[in-house]
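Colleague: Before I ask anything, let me first share the structure, which is written out below as structure tokens.
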Amino acid sequence: MSQTLRRGPVTGTAVKKPPAKNKPFLLDLYATAVGKKYVMAITGLIGIGFVIAHMIGNLKVYLGVVNEGGERVYDADVYGEFLRELLVPILPRTYALWGLRLLLIAALILHLHAAYTLTLLNRKARPVKYQSPRDYEVANFASRSMRWTGIIVLAFLAWHLADLTWGWVNPDFVRGAVYRNLDASLSRIPVAALYVVANVLLGIHLFHGTWSMLQSLGVNSPRFNQWRKAAAAGVATLIVVGNVSFPVAVLAGVIEFDGDAITCCVEGEHK
Amino acid sequence: MSTLTNITLKVWRQDGPDEQGRFETHQIPEIPAEASFLEMLDFLNERLVAENKEAIVFDHDCREGICGTCSLMIDGRAHGPQHGTATCQLHMRTFASGDEIVIEPWRAAAFPIIKDLMTDRAPLDRIIEAGGFITAATGGAPDANLIPIPKPVADASMDAAACIGCGACVAACPNGAANLFTGAKIAHLNLLPQGQAERFQRSEAMVETMDEYFGSCTNHGECEAACPKEISIDVIAVMNADYLKSKLKNRKSLSRT
Ligand code: SF4
Ligand code: FES
């Protein structure tokens with residue numbers, strides 16, 4: 001038995017054109033998938049930093065009322081005002097805060113753009129899917145669902161801003177009264193449930209994100225490689241436990257706004 | 001000698017690169033458990049040829065796990081259910097009587113199907129070509145251990161050098177990325193003193209050639225699980241780090257010329 005196979009002139013199809021040279025350094029780097037992963041990782045790191053700082057800042061609600069300049073005010077409200085006055089008098093009020101916000105917005109836009117373009121590239125890299133079911137061995141739910149957890153967390157972010165920053169969807173919103181607004185919003189059970197679910201999804205995103213970030217940045221050393229997954233699990237757990245505690249505490253009555261006794265502190269504007 | 005009976009094969013058949021493919025079902029009434037997976041396909045092919053049907057085309061060469069030619073997606077896993085082996089090292093004893101086994105070719109834009117289960121993996125060669133040469137002193141045979149290399153470094157480099165270029169990493173990757181292959185090739189040379197002269201030229205060129213054909217890594221780790229040489233995704237981190245360094249250093253050296 002013998003059969004001869006005539007081999008046609010086939011070669012692999014290039015997924016995309018080679019990047020043009022002589023571009024500015026960062027654009028040149030961003031033109032490649034590995035470069036885009038650096039952008040994903042660095043913007044992700046900015047996001048992780050923000051989420052951790054945000055969670056720690058929020059812990060202020062557990063301090064309840066403090067005595068500030070002779071007035072009894074909520075510590076969380078004082079902290080909110082502190083953020084607006086960050087770096088005063090080097091910078092005018094809210095400038096430093098806006099600087100940080102712009103950094104976060106830029107990071108978010110870059111993170112989304114890189115994710116979007118990489119997703120398109122990956123679709124093109126396998127135009128014909130496997131026709132039989134794949135048996136994945138190590139790709140876990142977190143890594144397989146990054147797109148979905150990311151999109152849902154983004155939608156939640158919009159709601160969260162509308163709820164506690166702008167007050168559009170908050171039933172009893174007073175600008176600057178952090179403690180009161182938090183209580184007003186999270187006393188609604190469906191909203192509290194939304195916060196819990198969204199934060200669990202955020203935790204799942206951060207679990208794969210943190211580990212993936214270390215890998216994309218080429219952080220690799222036999223000394224601590226075995227700790228990378230554990231560090232990712234630690235970051236994710238920290239965020240989920242911290243953030244989920246707020247809706248739970250509100251519903252349990254640990255966080256309860258007491259309208260009569262305490263004044264809100266913003267710009268002399270009292271309740 | 002134990003024998004497996006009643007194996008059902010669902011094999012991908014495709015007449016040419018642009019033809020419509022389909023699964024074809026074949027029965028293997030009995031096969032020795034000692035037969036290798038590819039021998040099982042050989043038996044089937046002999047039968048097909050005897051029946052005047054066209055044999056199933058699949059890639060193979062050394063049949064001992066060193067050439068990287070064999071390539072089959074078996075039951076949804078690149079190189080089949082066994083870890084750390086290529087398809088040619090898989091034996092029927094891994095399966096049980098009555099099993100249904102599904103066989104598909106690697107699927108990626110970079111790996112077009114030539115026929116049936118055979119794909120063209122030339123883009124992997126394009127990446128190797130982009131890597132170029134290393135500068136080495138020629139002449140009389142050098143003394144042993146002339147270049148001191150710490151044992152752990154030599155080991156890490158050897159682990160990366162074990163890559164046989166089969167493309168299972170691309171096949172297993174949900175994104176069709178070739179980062180494990182390219183990472184292995186880059187780590188293999190970049191870790192060694194002999195690889196230093198062209199290190200940054202090589203890293204930039206290989207990563208950018210890879211970029212033209214393949215998808216991008218999202219750090220699932222499927223490649224590592226599928227790799228017949230069990231190459232660790234740590235090589236991808238090495239590649240990522242060296243790519244950024246090469247972008248910076250190559251700019252600097254270019255500005256010197
Ligand atoms: S890295 Fe492993 S799976 Fe990829 S081509 Fe090399 S040997 Fe094959
Ligand atoms: S045929 Fe050579 S590695 Fe399988």
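Ordering of the structure tokens sets the chain letters (A, B, ...), residue numbers begin anew at 1 in every chain, and ligands are numbered from 1 in the order given.
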Quick check: residues of chain B within 6 Å of chain A, only C-alpha atoms, returned as a count of residues only.

Modeller: 22

Colleague: Please, which residues of region 66-243 of chain B, numbered as in this document, come out strand (DSSP E or B) from DSSP, as number ranges by chain?

Modeller: B: 73-74, 77-78, 91, 100-104, 108, 111, 113-115, 118-119, 177, 215

Colleague: Find the residues of chain B that sit at most 10 Å from ligand 2; for each, write down the nearest two atoms and how far apart they are in Å, to one decimal. Count only C-alpha atoms and all ligand atoms. Sort by chain, then by number going up, and give it as a Markdown table.

Modeller:
```
| residue | atom | partner | partner_atom_place_in_ligand_line | distance |
| --- | --- | --- | --- | --- |
| B:Leu38 | CA | ligand 2 | 1 (S) | 8.8 |
| B:Asp59 | CA | ligand 2 | 1 (S) | 7.3 |
| B:His60 | CA | ligand 2 | 1 (S) | 4.1 |
| B:Asp61 | CA | ligand 2 | 1 (S) | 4.2 |
| B:Cys62 | CA | ligand 2 | 2 (Fe) | 3.9 |
| B:Arg63 | CA | ligand 2 | 1 (S) | 3.7 |
| B:Glu64 | CA | ligand 2 | 2 (Fe) | 5.5 |
| B:Gly65 | CA | ligand 2 | 3 (S) | 3.4 |
| B:Ile66 | CA | ligand 2 | 3 (S) | 4.5 |
| B:Cys67 | CA | ligand 2 | 2 (Fe) | 3.9 |
| B:Gly68 | CA | ligand 2 | 3 (S) | 4.0 |
| B:Thr69 | CA | ligand 2 | 2 (Fe) | 4.9 |
| B:Cys70 | CA | ligand 2 | 4 (Fe) | 4.2 |
| B:Ser71 | CA | ligand 2 | 4 (Fe) | 7.3 |
| B:Leu72 | CA | ligand 2 | 4 (Fe) | 9.8 |
| B:His79 | CA | ligand 2 | 4 (Fe) | 9.1 |
| B:Thr85 | CA | ligand 2 | 3 (S) | 8.5 |
| B:Ala86 | CA | ligand 2 | 4 (Fe) | 5.3 |
| B:Thr87 | CA | ligand 2 | 4 (Fe) | 5.7 |
| B:Cys88 | CA | ligand 2 | 4 (Fe) | 4.3 |
| B:Gln89 | CA | ligand 2 | 4 (Fe) | 6.7 |
| B:Leu90 | CA | ligand 2 | 4 (Fe) | 9.2 |
| B:Ile164 | CA | ligand 2 | 3 (S) | 7.2 |
| B:Gly165 | CA | ligand 2 | 3 (S) | 9.1 |
| B:Cys166 | CA | ligand 2 | 3 (S) | 7.4 |
| B:Pro228 | CA | ligand 2 | 3 (S) | 8.6 |
```

Colleague: When you look at Ser246 (chain B) with a cut-off of 8 Å (counting only C-alpha atoms), what residues show up, excluding the ones that are within fewer than 3 positions of it in the same chain? I need them as a ChimeraX atom specification.

Modeller: /B:199-201,203-204,242-243,249-250

Colleague: Which of these, B:Ala178, B:Val102, B:Cys217, B:Ile74, has the shortest distance to ligand 1 once you count only C-alpha atoms and all ligand atoms?

Modeller: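 Checking each of B:Ala178, B:Val102, B:Cys217, B:Ile74 against ligand 1, counting only C-alpha atoms and all ligand atoms, the winner is B:Ala178.
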